[in-house]
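Student: The structure follows.
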Amino acid sequence: MSTEHAHDAHAGHGHDDADDGAVHVHIGSNQSYIGIFLALIFLTFMTVKVSYYDFGSANIIIAMLIATMKASLVAAFFMHLRYDKLFNTLAFLGSFLFLAVFILLTYDDLGNRGKVDPAYGGTVVSGVTAPGGAPATTATQDDVAEEAPHAGSAVAPAGAEKPPSPKKE
Amino acid sequence: MANETAHAEHAHAHPDFLQHHFDTPTQQFNASKLGMWVFIATEILMFGGLFCAYAIWRGLDPDIFDQAHHFLNKTMGATNTVVLLFSSLTAALAVRSAQVGKRNLTSIYLVITILCACVFLVVKYFEYTHKFHLGLLPGHCFGHPWFSASVQGGQEIGTCLRTTDTASAVMPEWVKAVDESGQVTVLPPRANMYFGLYFVMTGLHGLHVIIGMSILIWVLVKNIRGKFSPAYFTPVDLGALYWHLVDLVWIYLFPLLYLVGKPE
């Protein structure tokens, strides 16, 4: 890889903040950029080729692995992160950290909706589907009628009734 | 500005491009780059909302993604991937030419990059019109005869777009369409979710392609006017960074929308 510099008049200076009025950056060679491009094309070919075979649930993992390899090549070399200040890389990777928090917490929320809270023993209103999630409980209207004496309220429109929320206030 | 004072203090010339609140071009360059990277992080988080929606809906209903993704044309998607990767290469080479002061070469590479962006949009146009023709659209438009020529709905759906009362709008029970391999497939109406994601994700990406093109055209004009030199090429660098971001997003969109699912 070539190591030419925009200005070579910085003999004896520190590399980063040399105060000689010039910006010093790493300049990759044409060949290196073309090499990265060919690697990207190869990986694109691979990801298309692989999609014609069925690996079951590993399909998406393989596809995402190849995509991440491609993205890493683009970020490291085309976007110069490899030769940039480390802080830029941290800003970039930090966004993926928060994206992971976003997606994982959303998954956790959806996966646990409508479950009975063991600590409070609270049940979600029977026969009512939790918003956006699976049916609230496996109990039917009939089960509630047997257990609860005020089952008459279950006939009322479900939307009008608020589910009991023991942990509020 | 403070040119004279600065000159005296630092004993070197303060060029035109150096803003008065920066001490050195290096400091200015590093600040610009960091700002661009923080902006790129916010862009990733914006697309992240859509990727999160994709993850959730795919997790809830993987079969529909499997059936619906066969209606996307892998060849067109792969072509667009190669076009974007090539434009990323030319964008990187445009920056390199600016770094070594080859102004004409920078212009040529920028023009190639912009042309690639046009090719990408033209391919996308053909993909979109094909889906419109089949009625593979989001929400209540899915399978609607106003859009589709060859699609049959299981119910009377002729008035669903004309009414403002969404509750009375009726979805077809199924939509029959011929997918890319010539096979007739019946999609249930909930497949509109997949096409909703497809159009919003590729649509937002397409908007970024158009914005990226505009930025590169602006950089090209400045380059032709001779505003850049090996000492100052920041706009070329940052414009190219934006273009690479467009490429990065597509690198993930392509397998997620076109490739993932069981092969036929």
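Ligands are numbered from 1 in the order shown, residues from 1 within each chain, and chains are lettered A, B, ... in the order they appear in the structure tokens.
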What are the residues of chain A that have an atom within 7 Å of an atom of chain B, counting only C-alpha atoms, as a ChimeraX atom specification?
Tutor: /A:6,17,19,21-23,27,33,37,41,48,51-54,59-60,63,67,71,78-79,88,91-92,95,99,103,107
Student: Give me the residues within 7 Å of range 201-215 of chain B as an MDAnalysis selection string, counting only C-alpha atoms and dropping any in the same chain fewer than 4 places off.
Tutor: chainID B and resid 50 114 117 197 219 239 242:243 246
Student: Selected residues, C-alpha atoms, written as a CSV table (one decimal), in the first residue's frame, please.
Tutor:
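The new file selection-v7.csv reads:
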chain,number,residue,atom,x,y,z
B,50,LEU,CA,-36.9,0.4,9.9
B,114,ILE,CA,-23.2,10.5,-10.4
B,117,ALA,CA,-26.5,6.9,-9.1
B,197,LEU,CA,-41.4,-2.5,4.5
B,219,VAL,CA,-18.9,19.1,-5.1
B,239,GLY,CA,-19.5,14.1,0.1
B,242,TYR,CA,-22.2,10.4,2.5
B,243,TRP,CA,-22.1,8.4,-0.7
B,246,VAL,CA,-25.8,5.1,0.9
Student: For CA of Tyr109 in chain B and CA of Leu73 in chain A, quote the distance in Å rounded to one decimal.
Tutor: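 Separation of CA of Tyr109 in chain B and CA of Leu73 in chain A: 20.2 Å.
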Student: Mind giving me the straight-line distance from CA of Ala31 in chain B to CA of Phe77 in chain A in Å, one decimal?
Tutor: 20.0 Å
